[in-house]
Amino acid sequence: MKMTQAQTLLAGAPEPLGVTFSGDGCNIAVFSENATKIEVCLFSDDGARETARLALPEKTGAVWHGRLPGLAPGMLYGLRAHGPYAPERGHRFNPHKLLLDPYAKAFTGRVTAGDETLGYDPESAEADLSFSAADSAAAMPKCVVTAPPAPVPPDERPVTPWADTVIYEAHPKGLTQLWPDLPDALRGTYEALGEAPVLEHLTSLGVTAVELLPVHALVDDRWLVEKGLVNYWGYNSIGFFAVEPRYFGPAGREGLRETVRRLHGAGIEVILDVVYNHTAEGAHLGPPLSFRGLDNASYYRLQQGQKRHYVNDTGCGNTFDVSHPFVLRLVLDSLRWWVEALGVDGFRFDLATTLAREAHGFDPGGGFLDALRQDPVLSRVKLIAEPWDIGPGGYRLGEFPPPFAEWNDAFRDGARKFWRGDAHAAQDMAERLLGSAGTFDGNGRRAWSSVNYVACHDGFTLADVTAYAEKHNEANGEDNRDGHAENFSDNCGVEGASEDTEIRLKRAQRRRNLLATVFLAQGTPMLRAGDEIGDSQRGNNNAYCQDNALSWVEWAQADNALLGFARKLAAFRRSHPCLRQSWFLHGQKRRDDGQPDVKWLSLEGGPGGTEVNWRDPGLDGFCAVLRQSAEAPAYASDGDVVVLVFNGGARAVTTRLPAAPQGKVWVRALDSAQAETPKSVCKDNAQDIAAQSLVAFETGELL
């Protein structure tokens, strides 16, 4: 139906928010406490021409609304907001700027990085206190009216218990862009993630959940575009309901939904990395693209006494104010939409400390966390916090309430330090091996609350942890100033690539050590995509703007020996319940059989159980005898027992294993010193452990 300026909006309703199609037209509802008028703008099919501009006729509370007969799926629209332009009072209304609907489910086109999108005159000496009358419509994407999606049937979901979860963190493009066994048209798309070769690879690693870097519609930072770069990681959201189109394949937006179905069919859940702590509108000199233009003072946290400027707890220029009821509602509605409409199984919240901040600071009982935990939909999916931001008191590892799990950077750093040989690292490694119980055991939390990793998208890859002592981010165009300076890495003797056999062997073993540490520890293991094949970013530890071969997983260069070892690790973890427990192990309580759930022995071991000297700053290893937690209920009792020997020292040792359970023998099941070593029955309890290695023993039947 062709829209004309003469059309009249009907009253409509304040619910639901956004543009909602109902068969013969759309209800339009937009939140703004401080606007004086909200207009909906209609556009031609190509988005080039504005065909109508209609003021929403009603306001109920803080919601402007109307109903437009004839507005149908596929039609394009945007919003304009009238009100005071007074940055010093926190208001930045400018009706010359076309704005995106915060509830839009799809966009067409991209933001053109130019001055016309700014709300002020960049040539003015007053900067953002000036006012721009340039119309931004030509430089803005347009919102697309969509039909309500069919809900996802509950029986499609794998619903993997947390204790059995293995997470694989992947970029939606980078994982498959260079995958040789995929059709060219699918590489780097959402659809590629659900193709058979990818599913087979994931299941071979025991992966139960893929955690995708952000797929919300995003904007490339202007300063990156001017350098010829892009925001590859995607932590620059502008549309919390819209799927980012740059990864569309032949099926378009439906490709992501179909991929979720296929992953579910393979028993793999989908977790989205979501960014609600800030938006792509940036600091006070950024453009009004949506929230800033609709109601800046409501959507963002502004500085007390200086409302021209933003609180910047995120380090990204602004901070979304989820303590405001309508902003909180937006975030919850968005999360619920991804679960119900696309079948998503969980979320990893970027800079989650920001989301848990109230006026007085971080609050584990704050509004956002409480709302999530009581929500009948969202309380049932997996929730993961990145437990820090850059604001005051921002580091909050272990302080999120159940049922949250948390990214545990202390595990990452502790594992790297131990295998590098740092002083006091063995003591910390023992704590990390038990799920960081000192951090997470309390308030009814479970051992899986610690998401354990040694590498993720942010920082060195696993391979680079063993090949670079310093970061090499020159390609980012910031003279290597960006990225973490403290990586606890070790180049094993040469910076970067090396053809030296001894160095290559040392690096290969160090990588196996680190991978094994992740899979053998209590908690939830997380693997960065590509680390299982030795993928490198050539020392770049902040490749957020590198949408190229530097960041894409290089499957043609795969270390197949490392891949085989990773698969063995995954299989070993699956076969041993004592490695993936919900209850913490402490060693102080006795099980019903009189045994402690964890027993620590020195590297030399021995029948009497030589004590570990935890006060020794040079301690470089230990043995851990793991059984089921003494806190486990009787119905969960089993006889599983595993011995792990960590030798971080420079010399080989002979460890005397404790006596095997009655009727059993020890089996040497994993040895990081040799990737291809098959299982072997121990003929006696004296076992040689190579320098800088980790060995796992399981029980076998006595013949």
# chains A, B, ... in the order shown; residues from 1 in each chain; ligands from 1
call {"tool": "closest_atom_pairs", "arguments": {"of": "segment 240-331 of chain A", "to": "segment 64-87 of chain A", "cutoff": "12 Å", "atoms": "only C-alpha atoms", "output": "Markdown table"}}
result
| residue | atom | partner | partner_atom | distance |
| --- | --- | --- | --- | --- |
| A:His284 | CA | A:Pro87 | CA | 8.6 |
| A:Leu285 | CA | A:Pro87 | CA | 10.7 |
| A:Pro288 | CA | A:Arg80 | CA | 10.6 |
| A:Leu289 | CA | A:Leu79 | CA | 10.0 |
| A:Ser290 | CA | A:Leu79 | CA | 8.4 |
| A:Phe291 | CA | A:Ala81 | CA | 10.4 |
| A:Arg292 | CA | A:Ala81 | CA | 10.1 |
| A:Gly293 | CA | A:Ala81 | CA | 6.6 |
| A:Leu294 | CA | A:Ala81 | CA | 5.7 |
| A:Asp295 | CA | A:Ala81 | CA | 8.4 |
| A:Asn296 | CA | A:Pro87 | CA | 9.1 |
| A:Ala297 | CA | A:Pro87 | CA | 9.4 |
| A:Leu302 | CA | A:Pro87 | CA | 10.5 |
| A:Gln303 | CA | A:Pro87 | CA | 11.8 |
| A:Gly305 | CA | A:Pro87 | CA | 12.0 |
| A:Gln306 | CA | A:Pro87 | CA | 9.2 |
| A:Lys307 | CA | A:Pro87 | CA | 6.9 |
| A:Arg308 | CA | A:Pro87 | CA | 4.8 |
| A:His309 | CA | A:Pro87 | CA | 8.3 |
| A:Tyr310 | CA | A:Pro87 | CA | 10.8 |
call {"tool": "closest_atom_pairs", "arguments": {"of": "segment 324-396 of chain A", "to": "segment 149-160 of chain A", "cutoff": "7 Å", "atoms": "only C-alpha atoms", "output": "JSON lines"}}
result
{"residue": "A:Glu340", "atom": "CA", "partner": "A:Pro151", "partner_atom": "CA", "distance": 5.5}
{"residue": "A:Ala341", "atom": "CA", "partner": "A:Pro151", "partner_atom": "CA", "distance": 5.2}
{"residue": "A:Leu342", "atom": "CA", "partner": "A:Val152", "partner_atom": "CA", "distance": 6.7}
{"residue": "A:Gly343", "atom": "CA", "partner": "A:Val152", "partner_atom": "CA", "distance": 5.6}
call {"tool": "closest_residue", "arguments": {"among": "A:Tyr276, A:Phe241, A:Phe326, A:Tyr190", "to": "Arg262 of chain A", "atoms": "only C-alpha atoms"}}
result
A:Tyr190
call {"tool": "residues_around", "arguments": {"residues": "Gly394 of chain A", "least_positions_apart": "2", "cutoff": "9 Å", "atoms": "only C-alpha atoms", "output": "NGL selection string"}}
result
:A and (313 or 353-354 or 361-362 or 387-392 or 396)
call {"tool": "residues_around", "arguments": {"residues": "Arg627 of chain A", "least_positions_apart": "3", "cutoff": "8 Å", "atoms": "only C-alpha atoms", "output": "PyMOL selection string"}}
result
chain A and resi 578+596-598+639-642
call {"tool": "residues_around", "arguments": {"residues": "Ala447 of chain A", "least_positions_apart": "2", "cutoff": "6 Å", "atoms": "only C-alpha atoms", "output": "PyMOL selection string"}}
result
chain A and resi 435+449+523+582-584
call {"tool": "select_by_dssp", "arguments": {"residues": "segment 284-493 of chain A", "states": "strand (DSSP E or B)", "output": "count of residues only"}}
result
28
call {"tool": "residues_around", "arguments": {"residues": "Arg510 of chain A", "least_positions_apart": "4", "cutoff": "9 Å", "atoms": "only C-alpha atoms", "output": "VMD selection string"}}
result
chain A and resid 419 to 420 466 505 to 506 514 to 515 672 to 673 692 to 693
call {"tool": "select_by_dssp", "arguments": {"residues": "segment 507-600 of chain A", "states": "alpha helix (DSSP H)", "output": "VMD selection string"}}
result
chain A and resid 507 to 520 560 to 575
call {"tool": "atom_distance", "arguments": {"atom1": "atom CA of Pro95 of chain A", "atom2": "atom CA of Gln7 of chain A"}}
result
20.2 Å
call {"tool": "closest_residue", "arguments": {"among": "A:Val339, A:Ala371, A:Ala209, A:Leu175", "to": "Pro325 of chain A", "atoms": "only C-alpha atoms"}}
result
A:Ala371
call {"tool": "atom_distance", "arguments": {"atom1": "atom CA of Val225 of chain A", "atom2": "atom CA of Gly459 of chain A"}}
result
22.6 Å
call {"tool": "closest_residue", "arguments": {"among": "A:Pro658, A:Pro214, A:Gly234, A:Pro287", "to": "Thr112 of chain A", "atoms": "only C-alpha atoms"}}
result
A:Pro287
call {"tool": "closest_residue", "arguments": {"among": "A:Asp535, A:Gly286, A:Gly239, A:Asp592", "to": "Tyr120 of chain A", "atoms": "only C-alpha atoms"}}
result
A:Gly286
call {"tool": "closest_residue", "arguments": {"among": "A:Val260, A:Val145, A:Ala475, A:Ala455", "to": "Val344 of chain A", "atoms": "only C-alpha atoms"}}
result
A:Val260
call {"tool": "atom_distance", "arguments": {"atom1": "atom CA of Val210 of chain A", "atom2": "atom CA of Asp559 of chain A"}}
result
21.4 Å
call {"tool": "closest_atom_pairs", "arguments": {"of": "segment 385-472 of chain A", "to": "segment 478-501 of chain A", "cutoff": "10 Å", "atoms": "only C-alpha atoms", "output": "JSON lines"}}
result
{"residue": "A:Arg412", "atom": "CA", "partner": "A:Phe488", "partner_atom": "CA", "distance": 9.3}
{"residue": "A:Asp413", "atom": "CA", "partner": "A:Phe488", "partner_atom": "CA", "distance": 6.6}
{"residue": "A:Gly414", "atom": "CA", "partner": "A:Phe488", "partner_atom": "CA", "distance": 8.9}
{"residue": "A:Ala415", "atom": "CA", "partner": "A:Phe488", "partner_atom": "CA", "distance": 9.3}
{"residue": "A:Arg416", "atom": "CA", "partner": "A:Phe488", "partner_atom": "CA", "distance": 5.9}
{"residue": "A:Lys417", "atom": "CA", "partner": "A:Phe488", "partner_atom": "CA", "distance": 6.0}
{"residue": "A:Phe418", "atom": "CA", "partner": "A:Phe488", "partner_atom": "CA", "distance": 9.6}
{"residue": "A:Trp419", "atom": "CA", "partner": "A:Asp490", "partner_atom": "CA", "distance": 9.3}
{"residue": "A:Arg420", "atom": "CA", "partner": "A:Asp490", "partner_atom": "CA", "distance": 6.5}
{"residue": "A:Gly421", "atom": "CA", "partner": "A:Asp490", "partner_atom": "CA", "distance": 9.8}
{"residue": "A:Asp422", "atom": "CA", "partner": "A:Phe488", "partner_atom": "CA", "distance": 9.2}
{"residue": "A:Asp458", "atom": "CA", "partner": "A:Gly483", "partner_atom": "CA", "distance": 8.6}
{"residue": "A:Gly459", "atom": "CA", "partner": "A:His484", "partner_atom": "CA", "distance": 7.1}
{"residue": "A:Phe460", "atom": "CA", "partner": "A:Asn487", "partner_atom": "CA", "distance": 7.5}
{"residue": "A:Leu462", "atom": "CA", "partner": "A:Ser489", "partner_atom": "CA", "distance": 9.5}
{"residue": "A:Ala463", "atom": "CA", "partner": "A:Asn491", "partner_atom": "CA", "distance": 9.8}
{"residue": "A:Asp464", "atom": "CA", "partner": "A:Ser489", "partner_atom": "CA", "distance": 7.9}
{"residue": "A:Val465", "atom": "CA", "partner": "A:Ser489", "partner_atom": "CA", "distance": 4.7}
{"residue": "A:Thr466", "atom": "CA", "partner": "A:Asn491", "partner_atom": "CA", "distance": 5.0}
{"residue": "A:Ala467", "atom": "CA", "partner": "A:Asn491", "partner_atom": "CA", "distance": 3.9}
{"residue": "A:Tyr468", "atom": "CA", "partner": "A:Asn491", "partner_atom": "CA", "distance": 4.4}
{"residue": "A:Ala469", "atom": "CA", "partner": "A:Asp490", "partner_atom": "CA", "distance": 5.0}
{"residue": "A:Glu470", "atom": "CA", "partner": "A:Ala485", "partner_atom": "CA", "distance": 7.4}
{"residue": "A:Lys471", "atom": "CA", "partner": "A:Ala485", "partner_atom": "CA", "distance": 6.9}
{"residue": "A:His472", "atom": "CA", "partner": "A:Asn480", "partner_atom": "CA", "distance": 6.4}
call {"tool": "write_last_selection", "arguments": {"atoms": "N, CA, C and O atoms", "output": "JSON list (two decimals), in the first residue's frame"}}
result
[["chain", "number", "residue", "atom", "x", "y", "z"],
["A", 412, "ARG", "N", 42.40, -18.13, 33.87],
["A", 412, "ARG", "CA", 43.27, -17.89, 32.72],
["A", 412, "ARG", "C", 44.67, -17.49, 33.16],
["A", 412, "ARG", "O", 45.67, -18.08, 32.73],
["A", 413, "ASP", "N", 44.73, -16.48, 34.03],
["A", 413, "ASP", "CA", 46.03, -15.97, 34.45],
["A", 413, "ASP", "C", 46.78, -16.99, 35.30],
["A", 413, "ASP", "O", 48.00, -17.15, 35.18],
["A", 414, "GLY", "N", 46.05, -17.71, 36.17],
["A", 414, "GLY", "CA", 46.69, -18.70, 37.02],
["A", 414, "GLY", "C", 47.29, -19.84, 36.23],
["A", 414, "GLY", "O", 48.42, -20.29, 36.51],
["A", 415, "ALA", "N", 46.57, -20.32, 35.22],
["A", 415, "ALA", "CA", 47.09, -21.41, 34.40],
["A", 415, "ALA", "C", 48.30, -20.97, 33.60],
["A", 415, "ALA", "O", 49.30, -21.70, 33.48],
["A", 416, "ARG", "N", 48.23, -19.77, 33.04],
["A", 416, "ARG", "CA", 49.37, -19.28, 32.26],
["A", 416, "ARG", "C", 50.61, -19.12, 33.14],
["A", 416, "ARG", "O", 51.73, -19.45, 32.75],
["A", 417, "LYS", "N", 50.42, -18.57, 34.34],
["A", 417, "LYS", "CA", 51.56, -18.36, 35.24],
["A", 417, "LYS", "C", 52.17, -19.69, 35.67],
["A", 417, "LYS", "O", 53.40, -19.83, 35.75],
["A", 418, "PHE", "N", 51.31, -20.67, 35.96],
["A", 418, "PHE", "CA", 51.84, -21.96, 36.42],
["A", 418, "PHE", "C", 52.71, -22.60, 35.35],
["A", 418, "PHE", "O", 53.84, -23.03, 35.62],
["A", 419, "TRP", "N", 52.22, -22.68, 34.14],
["A", 419, "TRP", "CA", 52.99, -23.35, 33.09],
["A", 419, "TRP", "C", 54.17, -22.52, 32.61],
["A", 419, "TRP", "O", 55.10, -23.03, 32.00],
["A", 420, "ARG", "N", 54.15, -21.21, 32.93],
["A", 420, "ARG", "CA", 55.31, -20.37, 32.64],
["A", 420, "ARG", "C", 56.39, -20.52, 33.71],
["A", 420, "ARG", "O", 57.55, -20.17, 33.49],
["A", 421, "GLY", "N", 55.99, -21.03, 34.89],
["A", 421, "GLY", "CA", 56.94, -21.26, 35.97],
["A", 421, "GLY", "C", 57.05, -20.14, 36.97],
["A", 421, "GLY", "O", 58.07, -20.03, 37.67],
["A", 422, "ASP", "N", 56.02, -19.32, 37.11],
["A", 422, "ASP", "CA", 56.06, -18.22, 38.07],
["A", 422, "ASP", "C", 56.06, -18.72, 39.51],
["A", 422, "ASP", "O", 55.47, -19.76, 39.83],
["A", 458, "ASP", "N", 39.36, -11.96, 23.29],
["A", 458, "ASP", "CA", 40.07, -10.77, 23.75],
["A", 458, "ASP", "C", 41.41, -11.19, 24.35],
["A", 458, "ASP", "O", 41.46, -11.77, 25.43],
["A", 459, "GLY", "N", 42.50, -10.89, 23.66],
["A", 459, "GLY", "CA", 43.82, -11.28, 24.14],
["A", 459, "GLY", "C", 44.51, -12.22, 23.17],
["A", 459, "GLY", "O", 44.07, -12.43, 22.04],
["A", 460, "PHE", "N", 45.61, -12.81, 23.62],
["A", 460, "PHE", "CA", 46.35, -13.75, 22.80],
["A", 460, "PHE", "C", 45.53, -15.03, 22.57],
["A", 460, "PHE", "O", 44.79, -15.47, 23.45],
["A", 462, "LEU", "N", 45.61, -19.18, 22.14],
["A", 462, "LEU", "CA", 46.40, -20.19, 22.85],
["A", 462, "LEU", "C", 47.79, -20.32, 22.24],
["A", 462, "LEU", "O", 48.80, -20.37, 22.95],
["A", 463, "ALA", "N", 47.84, -20.38, 20.91],
["A", 463, "ALA", "CA", 49.14, -20.52, 20.25],
["A", 463, "ALA", "C", 50.04, -19.33, 20.54],
["A", 463, "ALA", "O", 51.24, -19.47, 20.79],
["A", 464, "ASP", "N", 49.47, -18.13, 20.53],
["A", 464, "ASP", "CA", 50.28, -16.93, 20.73],
["A", 464, "ASP", "C", 50.75, -16.77, 22.17],
["A", 464, "ASP", "O", 51.76, -16.10, 22.42],
["A", 465, "VAL", "N", 50.02, -17.36, 23.12],
["A", 465, "VAL", "CA", 50.47, -17.35, 24.51],
["A", 465, "VAL", "C", 51.84, -18.03, 24.64],
["A", 465, "VAL", "O", 52.64, -17.69, 25.50],
["A", 466, "THR", "N", 52.12, -18.98, 23.74],
["A", 466, "THR", "CA", 53.37, -19.73, 23.78],
["A", 466, "THR", "C", 54.40, -19.23, 22.77],
["A", 466, "THR", "O", 55.48, -19.80, 22.68],
["A", 467, "ALA", "N", 54.06, -18.20, 22.00],
["A", 467, "ALA", "CA", 54.96, -17.75, 20.93],
["A", 467, "ALA", "C", 55.33, -16.28, 21.02],
["A", 467, "ALA", "O", 56.21, -15.83, 20.29],
["A", 468, "TYR", "N", 54.67, -15.54, 21.90],
["A", 468, "TYR", "CA", 54.94, -14.10, 21.99],
["A", 468, "TYR", "C", 55.03, -13.68, 23.45],
["A", 468, "TYR", "O", 54.17, -14.01, 24.27],
["A", 469, "ALA", "N", 56.06, -12.92, 23.77],
["A", 469, "ALA", "CA", 56.20, -12.34, 25.10],
["A", 469, "ALA", "C", 55.59, -10.94, 25.14],
["A", 469, "ALA", "O", 55.26, -10.45, 26.21],
["A", 470, "GLU", "N", 55.44, -10.31, 23.98],
["A", 470, "GLU", "CA", 54.90, -8.97, 23.89],
["A", 470, "GLU", "C", 53.79, -8.93, 22.85],
["A", 470, "GLU", "O", 53.76, -9.73, 21.91],
["A", 471, "LYS", "N", 52.86, -7.99, 23.01],
["A", 471, "LYS", "CA", 51.78, -7.83, 22.04],
["A", 471, "LYS", "C", 52.31, -7.14, 20.78],
["A", 471, "LYS", "O", 53.27, -6.36, 20.82],
["A", 472, "HIS", "N", 51.66, -7.43, 19.67],
["A", 472, "HIS", "CA", 52.07, -6.86, 18.37],
["A", 472, "HIS", "C", 50.80, -6.41, 17.64],
["A", 472, "HIS", "O", 50.30, -7.09, 16.74]]
call {"tool": "residues_around", "arguments": {"residues": "Arg574 of chain A", "least_positions_apart": "6", "cutoff": "12 Å", "atoms": "only C-alpha atoms", "output": "count of residues only"}}
result
16
call {"tool": "decode", "arguments": {"residues": "segment 433-444 of chain A", "atoms": "all heavy atoms", "output": "tab-separated table (two decimals), in the first residue's frame"}}
result
chain	number	residue	atom	x	y	z
A	433	LEU	N	42.03	-25.40	39.97
A	433	LEU	CA	41.68	-26.77	39.60
A	433	LEU	C	40.38	-27.22	40.25
A	433	LEU	O	39.64	-28.03	39.69
A	433	LEU	CB	42.81	-27.71	40.00
A	433	LEU	CG	42.70	-29.18	39.57
A	433	LEU	CD1	42.68	-29.31	38.05
A	433	LEU	CD2	43.84	-29.99	40.17
A	434	LEU	N	40.06	-26.66	41.41
A	434	LEU	CA	38.84	-27.03	42.13
A	434	LEU	C	37.71	-26.04	41.88
A	434	LEU	O	36.82	-25.85	42.72
A	434	LEU	CB	39.12	-27.14	43.63
A	434	LEU	CG	40.15	-28.20	44.04
A	434	LEU	CD1	40.18	-28.36	45.55
A	434	LEU	CD2	39.86	-29.55	43.37
A	435	GLY	N	37.71	-25.41	40.73
A	435	GLY	CA	36.62	-24.51	40.38
A	435	GLY	C	36.66	-23.18	41.09
A	435	GLY	O	35.63	-22.53	41.24
A	436	SER	N	37.86	-22.78	41.53
A	436	SER	CA	38.02	-21.52	42.27
A	436	SER	C	37.02	-21.44	43.41
A	436	SER	O	36.28	-20.47	43.59
A	436	SER	CB	37.85	-20.31	41.33
A	436	SER	OG	38.81	-20.32	40.31
A	437	ALA	N	37.00	-22.50	44.23
A	437	ALA	CA	36.02	-22.61	45.30
A	437	ALA	C	36.09	-21.44	46.27
A	437	ALA	O	35.06	-20.97	46.78
A	437	ALA	CB	36.22	-23.93	46.06
A	438	GLY	N	37.29	-20.93	46.52
A	438	GLY	CA	37.42	-19.80	47.43
A	438	GLY	C	36.70	-18.56	46.93
A	438	GLY	O	36.35	-17.68	47.71
A	439	THR	N	36.47	-18.50	45.62
A	439	THR	CA	35.79	-17.36	45.02
A	439	THR	C	34.30	-17.60	44.85
A	439	THR	O	33.48	-16.72	45.07
A	439	THR	CB	36.42	-17.03	43.65
A	439	THR	OG1	37.81	-16.74	43.83
A	439	THR	CG2	35.74	-15.86	42.98
A	440	PHE	N	33.93	-18.82	44.46
A	440	PHE	CA	32.56	-19.09	44.05
A	440	PHE	C	31.72	-19.88	45.04
A	440	PHE	O	30.49	-19.91	44.92
A	440	PHE	CB	32.57	-19.84	42.70
A	440	PHE	CG	33.01	-19.00	41.55
A	440	PHE	CD1	34.31	-19.08	41.07
A	440	PHE	CD2	32.13	-18.13	40.93
A	440	PHE	CE1	34.72	-18.30	40.00
A	440	PHE	CE2	32.53	-17.35	39.86
A	440	PHE	CZ	33.83	-17.43	39.40
A	441	ASP	N	32.34	-20.55	45.99
A	441	ASP	CA	31.56	-21.42	46.88
A	441	ASP	C	30.88	-20.60	47.97
A	441	ASP	O	31.49	-20.22	48.96
A	441	ASP	CB	32.47	-22.48	47.52
A	441	ASP	CG	31.66	-23.53	48.28
A	441	ASP	OD1	30.42	-23.51	48.19
A	441	ASP	OD2	32.28	-24.36	48.96
A	442	GLY	N	29.62	-20.35	47.78
A	442	GLY	CA	28.82	-19.58	48.73
A	442	GLY	C	27.52	-19.17	48.09
A	442	GLY	O	27.37	-19.19	46.86
A	443	ASN	N	26.54	-18.84	48.90
A	443	ASN	CA	25.27	-18.35	48.40
A	443	ASN	C	24.56	-19.38	47.52
A	443	ASN	O	23.81	-19.03	46.62
A	443	ASN	CB	25.47	-17.04	47.62
A	443	ASN	CG	24.18	-16.26	47.43
A	443	ASN	OD1	23.23	-16.41	48.21
A	443	ASN	ND2	24.12	-15.44	46.40
A	444	GLY	N	24.87	-20.66	47.77
A	444	GLY	CA	24.20	-21.71	47.01
A	444	GLY	C	24.73	-21.91	45.60
A	444	GLY	O	24.11	-22.60	44.79
